[in-house]
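One structure is given here, and the rest of the page talks about it.
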Amino acid sequence: MPYKAVELHEATAATMVQVLNLASCFEHLLPELERRWHLTGLPVRMNIGLEVAGQQVLLQLAPGAVGLAEDGAADVGLSLTQSELLALALGLHSSSYVLHQRLQRCPQVAAALAVLFPEQLSVSGVWG
């Protein structure tokens, strides 16, 4: 008997990708984050602490520069799930969509994250 298998996923379905080393992940993302940040010319200086699955990085923003700080205090801290981090890093969703409730009282952080993690058009093809 012929049949057709159809696999459906919701918009919030998780990916099969997992970040094992958060610091290494951001070290690899840094050149692209620097490029995006430099293009805006925003005169913002802040430290954003990101925590994912018990690991932490401190993203240091300055006018025309982005880096990872070894130590220091975060001006704002965000705790993300693996799915949220991947949605931002891969451009699957905008930061305002992923972090809506957490960014309502922090417009400067929301603007910075929107620059660093813009939503990108993506498509999926046949996998099989």
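All residue names refer to the structure tokens as shown: chains lettered A, B, ... in order, residues numbered from 1 in each chain, ligands numbered from 1 in order.
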
| task | Based on DSSP run over this structure's backbone, return all residues of chain A in helix (DSSP H, G or I), as an NGL selection string. | result | :A and (22-40 or 82-89 or 95-98 or 100-103 or 107-116)

| query | Could you name the residues that touch Arg105 of chain A at 12 Å or less, counting only C-alpha atoms, but leaving out those on the same chain fewer than 6 positions away, as a PyMOL selection string? | reply | chain A and resi 76+99+111

| note | The residue from A:Leu22, A:Val109, A:Leu42, A:Leu92 with the smallest atom-to-atom distance to Gly54 of chain A, counting only C-alpha atoms, is A:Leu22

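With only C-alpha atoms as the atoms that count, the residue of A:Leu30, A:Ser96, A:Pro2, A:Val17 with the shortest distance to Gln82 of chain A is A:Val17.
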
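For the set A:Gln18, A:Glu70, A:Ala114, A:Cys106, the residue with the smallest atom-to-atom gap to Arg36 of chain A is A:Ala114, counting only C-alpha atoms.
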
| field | strand (DSSP E) residues, from DSSP on the backbone, in segment 74-104 of chain A, as number ranges by chain | value | A: 76-80

Within 10 Å of Ala87 of chain A using only C-alpha atoms, minus same-chain residues under 4 positions, as a compact mmCIF listing (two decimals) with all heavy atoms, in the first residue's frame:
# COMPACT_ATOMS: atom_id res chain seq x y z
N THR A 12 7.93 26.97 16.95
CA THR A 12 8.84 27.00 18.09
C THR A 12 9.54 25.67 18.30
O THR A 12 10.13 25.44 19.35
CB THR A 12 8.08 27.38 19.38
OG1 THR A 12 7.03 26.41 19.58
CG2 THR A 12 7.51 28.77 19.29
N ALA A 14 12.27 22.88 18.46
CA ALA A 14 13.71 23.00 18.71
C ALA A 14 14.52 22.48 17.53
O ALA A 14 14.03 21.69 16.73
CB ALA A 14 14.07 22.23 19.98
N THR A 15 15.74 22.93 17.46
CA THR A 15 16.64 22.45 16.42
C THR A 15 17.44 21.27 16.95
O THR A 15 17.40 20.96 18.13
CB THR A 15 17.61 23.56 15.98
OG1 THR A 15 18.45 23.85 17.09
CG2 THR A 15 16.88 24.81 15.53
N THR A 81 17.62 30.21 26.75
CA THR A 81 17.61 28.77 26.52
C THR A 81 18.48 28.50 25.29
O THR A 81 18.81 29.41 24.53
CB THR A 81 16.19 28.26 26.25
OG1 THR A 81 15.72 28.82 25.02
CG2 THR A 81 15.24 28.59 27.40
N GLN A 82 18.82 27.24 25.09
CA GLN A 82 19.57 26.86 23.88
C GLN A 82 18.79 27.28 22.64
O GLN A 82 19.37 27.81 21.68
CB GLN A 82 19.81 25.35 23.87
CG GLN A 82 20.87 24.88 24.83
CD GLN A 82 22.27 24.98 24.26
OE1 GLN A 82 22.49 25.21 23.08
NE2 GLN A 82 23.24 24.78 25.12
N SER A 83 17.49 27.04 22.63
CA SER A 83 16.67 27.38 21.46
C SER A 83 16.67 28.87 21.19
O SER A 83 16.73 29.30 20.03
CB SER A 83 15.23 26.90 21.66
OG SER A 83 15.20 25.50 21.73
N GLY A 91 19.66 33.74 13.10
CA GLY A 91 18.76 34.70 12.46
C GLY A 91 17.38 34.14 12.18
O GLY A 91 16.68 34.64 11.31
N LEU A 92 16.97 33.12 12.93
CA LEU A 92 15.65 32.52 12.70
C LEU A 92 14.52 33.44 13.13
O LEU A 92 13.44 33.44 12.55
CB LEU A 92 15.55 31.18 13.43
CG LEU A 92 16.58 30.13 13.04
CD1 LEU A 92 16.40 28.89 13.90
CD2 LEU A 92 16.47 29.80 11.56
N HIS A 93 14.78 34.22 14.20
CA HIS A 93 13.80 35.18 14.71
C HIS A 93 14.55 36.43 15.15
O HIS A 93 15.73 36.38 15.49
CB HIS A 93 13.03 34.61 15.91
CG HIS A 93 12.23 33.40 15.60
ND1 HIS A 93 11.13 33.42 14.79
CD2 HIS A 93 12.37 32.11 16.00
CE1 HIS A 93 10.62 32.21 14.71
NE2 HIS A 93 11.36 31.40 15.42
N SER A 94 13.85 37.54 15.20
CA SER A 94 14.45 38.78 15.68
C SER A 94 14.59 38.72 17.20
O SER A 94 13.89 37.97 17.89
CB SER A 94 13.58 39.97 15.30
OG SER A 94 12.35 39.91 16.00
N SER A 95 15.49 39.53 17.72
CA SER A 95 15.67 39.57 19.17
C SER A 95 14.41 40.08 19.87
O SER A 95 14.09 39.63 20.96
CB SER A 95 16.87 40.44 19.55
OG SER A 95 16.71 41.75 19.05
N TYR A 97 11.39 39.44 19.00
CA TYR A 97 10.46 38.31 19.04
C TYR A 97 10.88 37.31 20.12
O TYR A 97 10.07 36.86 20.92
CB TYR A 97 10.39 37.63 17.68
CG TYR A 97 9.51 36.40 17.65
CD1 TYR A 97 8.13 36.53 17.48
CD2 TYR A 97 10.05 35.13 17.79
CE1 TYR A 97 7.32 35.41 17.46
CE2 TYR A 97 9.23 34.01 17.76
CZ TYR A 97 7.88 34.16 17.60
OH TYR A 97 7.07 33.05 17.59
N VAL A 98 12.15 36.98 20.16
CA VAL A 98 12.66 35.97 21.09
C VAL A 98 12.63 36.47 22.53
O VAL A 98 12.27 35.74 23.45
CB VAL A 98 14.10 35.55 20.71
CG1 VAL A 98 14.71 34.62 21.75
CG2 VAL A 98 14.10 34.89 19.34
N PHE A 117 21.85 40.81 16.23
CA PHE A 117 21.18 39.57 15.86
C PHE A 117 19.93 39.84 15.03
O PHE A 117 18.80 39.62 15.48
CB PHE A 117 20.80 38.77 17.11
CG PHE A 117 21.97 38.40 17.97
CD1 PHE A 117 22.22 39.08 19.15
CD2 PHE A 117 22.83 37.39 17.59
CE1 PHE A 117 23.31 38.74 19.95
CE2 PHE A 117 23.92 37.04 18.37
CZ PHE A 117 24.16 37.72 19.55
N GLU A 119 17.02 39.37 12.20
CA GLU A 119 16.35 38.21 11.60
C GLU A 119 16.80 38.11 10.15
O GLU A 119 16.89 39.10 9.44
CB GLU A 119 14.83 38.41 11.68
CG GLU A 119 14.04 37.22 11.23
CD GLU A 119 12.56 37.38 11.50
OE1 GLU A 119 12.08 38.52 11.67
OE2 GLU A 119 11.86 36.36 11.54

| query | Given the choices A:Leu121, A:Val115, A:Gly72, A:Leu78, which gets closest to Leu50 of chain A if the distance is worked out from only C-alpha atoms? | reply |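 Comparing A:Leu121, A:Val115, A:Gly72, A:Leu78 against Leu50 of chain A, the winner is A:Leu78.
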
| field | Minimum-distance residue to Leu80 of chain A, chosen among A:Ile48, A:Leu20, A:Ala110, A:Ala53 (using only C-alpha atoms) | value |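 Closest to Leu80 of chain A, using only C-alpha atoms: A:Ala53.
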
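Atom CA of Asp75 of chain A to atom CA of Gln108 of chain A spans 11.1 Å [interatomic distance, one decimal].
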
Distance query Ala23 of chain A at most 10 Å, only C-alpha atoms, self and fewer than 5 positions along chain excluded, as a PDB file with all heavy atoms, in the first residue's frame:
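Dumped to result-v7.pdb:
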ATOM      1  N   HIS A  28      33.673  32.691  17.747  1.00  0.00           N
ATOM      2  CA  HIS A  28      33.469  32.478  16.317  1.00  0.00           C
ATOM      3  C   HIS A  28      32.465  33.465  15.722  1.00  0.00           C
ATOM      4  O   HIS A  28      32.567  33.827  14.549  1.00  0.00           O
ATOM      5  CB  HIS A  28      33.018  31.038  16.049  1.00  0.00           C
ATOM      6  CG  HIS A  28      34.122  30.050  16.182  1.00  0.00           C
ATOM      7  ND1 HIS A  28      34.480  29.489  17.382  1.00  0.00           N
ATOM      8  CD2 HIS A  28      34.978  29.551  15.268  1.00  0.00           C
ATOM      9  CE1 HIS A  28      35.496  28.671  17.208  1.00  0.00           C
ATOM     10  NE2 HIS A  28      35.829  28.694  15.925  1.00  0.00           N
ATOM     11  N   LEU A  29      31.490  33.895  16.504  1.00  0.00           N
ATOM     12  CA  LEU A  29      30.502  34.873  16.033  1.00  0.00           C
ATOM     13  C   LEU A  29      31.054  36.299  16.022  1.00  0.00           C
ATOM     14  O   LEU A  29      30.541  37.161  15.310  1.00  0.00           O
ATOM     15  CB  LEU A  29      29.254  34.846  16.929  1.00  0.00           C
ATOM     16  CG  LEU A  29      28.345  33.641  16.852  1.00  0.00           C
ATOM     17  CD1 LEU A  29      27.257  33.729  17.915  1.00  0.00           C
ATOM     18  CD2 LEU A  29      27.723  33.523  15.467  1.00  0.00           C
ATOM     19  N   GLN A  55      26.494  28.330  31.427  1.00  0.00           N
ATOM     20  CA  GLN A  55      27.710  28.975  30.923  1.00  0.00           C
ATOM     21  C   GLN A  55      27.429  30.465  30.724  1.00  0.00           C
ATOM     22  O   GLN A  55      26.304  30.850  30.412  1.00  0.00           O
ATOM     23  CB  GLN A  55      28.130  28.358  29.600  1.00  0.00           C
ATOM     24  CG  GLN A  55      28.466  26.880  29.698  1.00  0.00           C
ATOM     25  CD  GLN A  55      28.865  26.347  28.349  1.00  0.00           C
ATOM     26  OE1 GLN A  55      29.821  26.816  27.745  1.00  0.00           O
ATOM     27  NE2 GLN A  55      28.126  25.357  27.871  1.00  0.00           N
ATOM     28  N   GLN A  56      28.454  31.281  30.881  1.00  0.00           N
ATOM     29  CA  GLN A  56      28.271  32.723  30.772  1.00  0.00           C
ATOM     30  C   GLN A  56      29.334  33.363  29.892  1.00  0.00           C
ATOM     31  O   GLN A  56      30.477  32.910  29.858  1.00  0.00           O
ATOM     32  CB  GLN A  56      28.333  33.366  32.156  1.00  0.00           C
ATOM     33  CG  GLN A  56      27.248  32.882  33.080  1.00  0.00           C
ATOM     34  CD  GLN A  56      27.366  33.477  34.471  1.00  0.00           C
ATOM     35  OE1 GLN A  56      28.341  34.142  34.799  1.00  0.00           O
ATOM     36  NE2 GLN A  56      26.364  33.237  35.287  1.00  0.00           N
ATOM     37  N   VAL A  57      28.918  34.404  29.187  1.00  0.00           N
ATOM     38  CA  VAL A  57      29.850  35.280  28.473  1.00  0.00           C
ATOM     39  C   VAL A  57      29.444  36.718  28.760  1.00  0.00           C
ATOM     40  O   VAL A  57      28.290  36.998  29.067  1.00  0.00           O
ATOM     41  CB  VAL A  57      29.864  35.041  26.931  1.00  0.00           C
ATOM     42  CG1 VAL A  57      30.414  33.690  26.588  1.00  0.00           C
ATOM     43  CG2 VAL A  57      28.510  35.271  26.319  1.00  0.00           C
ATOM     44  N   LEU A  58      30.411  37.600  28.664  1.00  0.00           N
ATOM     45  CA  LEU A  58      30.159  39.023  28.850  1.00  0.00           C
ATOM     46  C   LEU A  58      30.490  39.725  27.541  1.00  0.00           C
ATOM     47  O   LEU A  58      31.657  39.810  27.140  1.00  0.00           O
ATOM     48  CB  LEU A  58      31.004  39.575  30.001  1.00  0.00           C
ATOM     49  CG  LEU A  58      30.741  41.013  30.406  1.00  0.00           C
ATOM     50  CD1 LEU A  58      29.292  41.203  30.863  1.00  0.00           C
ATOM     51  CD2 LEU A  58      31.694  41.427  31.523  1.00  0.00           C
ATOM     52  N   LEU A  68      34.584  40.334  23.800  1.00  0.00           N
ATOM     53  CA  LEU A  68      34.236  39.503  24.945  1.00  0.00           C
ATOM     54  C   LEU A  68      35.136  39.906  26.099  1.00  0.00           C
ATOM     55  O   LEU A  68      36.355  39.946  25.950  1.00  0.00           O
ATOM     56  CB  LEU A  68      34.426  38.024  24.616  1.00  0.00           C
ATOM     57  CG  LEU A  68      33.506  37.448  23.554  1.00  0.00           C
ATOM     58  CD1 LEU A  68      33.876  36.006  23.256  1.00  0.00           C
ATOM     59  CD2 LEU A  68      32.051  37.543  23.990  1.00  0.00           C
TER      60      LEU A  68
END

| Given only C-alpha atoms as the counted atoms, nearest of A:Pro118, A:Ala73, A:Cys25, A:Thr40 to Leu88 of chain A |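 That would be A:Pro118, the residue with the smallest distance to Leu88 of chain A.
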
| request: Mind checking which residues fall within 10 Å of Glu34 of chain A, counting only C-alpha atoms, ignoring those fewer than 4 positions away in the same chain, and posting them as a PyMOL selection string? | output: chain A and resi 29-30+38-39+61+64-67+116

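Going from atom CA of Asp71 of chain A over to atom CA of Pro31 of chain A, you cover 20.3 Å.
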